[in-house]
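Right, one structure below, let's go through it.
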Amino acid sequence: MVHSDPCVMPVSRRSAVHFLRAQTVEVPKVAAFLRLAADPYKRVAQEGWYVRLWKADMALAQDSLKDTATRQDIATTCTRGQ
């Protein structure tokens, strides 16, 4: 959970941004609202690199997360990004 959920979340948010922006062509009456709705998803997706240090390598993630300094660095970086 510590690693896999935060890795999947930015990918899902990027998909949401793409979908919402694509819908502006399909439903031009609400295009401004769709673009506005996409903005928070884009911000979350851009912050994904903070938690995707190991990509899909779960063994590397588990080994790295054993180190207290690594966990503290991740927490500090993520807090700074907010």
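Residues are named by chain letter and number: chains run A, B, ... in the order of the structure tokens, numbers start at 1 in each chain, and ligands are numbered from 1 in the order shown.
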
Give me the residues within 9 Å of Lys42 of chain A as a CSV table (one decimal) with N, CA and C atoms, in the first residue's frame, counting only C-alpha atoms and dropping any in the same chain fewer than 5 places off.
chain,number,residue,atom,x,y,z
A,10,PRO,N,-1.3,8.7,-9.6
A,10,PRO,CA,-1.0,9.7,-10.6
A,10,PRO,C,-1.3,9.3,-12.0
A,13,ARG,N,-5.0,9.8,-12.4
A,13,ARG,CA,-5.3,11.3,-12.5
A,13,ARG,C,-4.9,11.8,-13.9
A,14,ARG,N,-3.8,11.3,-14.5
A,14,ARG,CA,-3.4,11.7,-15.8
A,14,ARG,C,-4.5,11.3,-16.8
A,16,ALA,N,-7.6,10.9,-16.1
A,16,ALA,CA,-8.8,11.8,-15.9
A,16,ALA,C,-8.6,13.1,-16.6
A,17,VAL,N,-7.4,13.7,-16.5
A,17,VAL,CA,-7.1,14.9,-17.2
A,17,VAL,C,-7.3,14.8,-18.7
A,47,GLU,N,2.6,15.7,-9.3
A,47,GLU,CA,3.3,15.4,-8.1
A,47,GLU,C,3.6,14.0,-7.9

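Proximity ranking of A:Gln62, A:Gln46, A:Gln23, A:Thr68 relative to Val11 of chain A places A:Gln46 first, based on only C-alpha atoms.
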
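Atom CA of Thr76 of chain A sits 16.8 Å away from atom CA of Val44 of chain A.
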
Please provide as a list in words all residues within 12 Å of Thr24 of chain A, with the sequence filter that same-chain residues fewer than 3 positions apart are discarded (counting only C-alpha atoms).
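In the requested format, the answer is Val17, His18, Phe19, Leu20, Arg21, Val27, Pro28, Lys29, Val30, Ala31, Ala32, Phe33, Leu34, Arg35, Leu36, Ala37 and Ala38 of chain A.
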
Have a look at atom CA of Met58 of chain A and atom CA of Pro40 of chain A and let me know their distance in Å, one decimal.
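Interatomic distance, atom CA of Met58 of chain A to atom CA of Pro40 of chain A: 28.0 Å.
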
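With atom CA of Met9 of chain A on one side and atom CA of Lys66 of chain A on the other, the separation reads 22.5 Å.
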
Which residue is closest to Ser15 of chain A? Choose from A:Ala59, A:Ala69, A:Ala75, A:Ala45 and count only C-alpha atoms.
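Of A:Ala59, A:Ala69, A:Ala75, A:Ala45, the one nearest Ser15 of chain A is A:Ala45, counting only C-alpha atoms.
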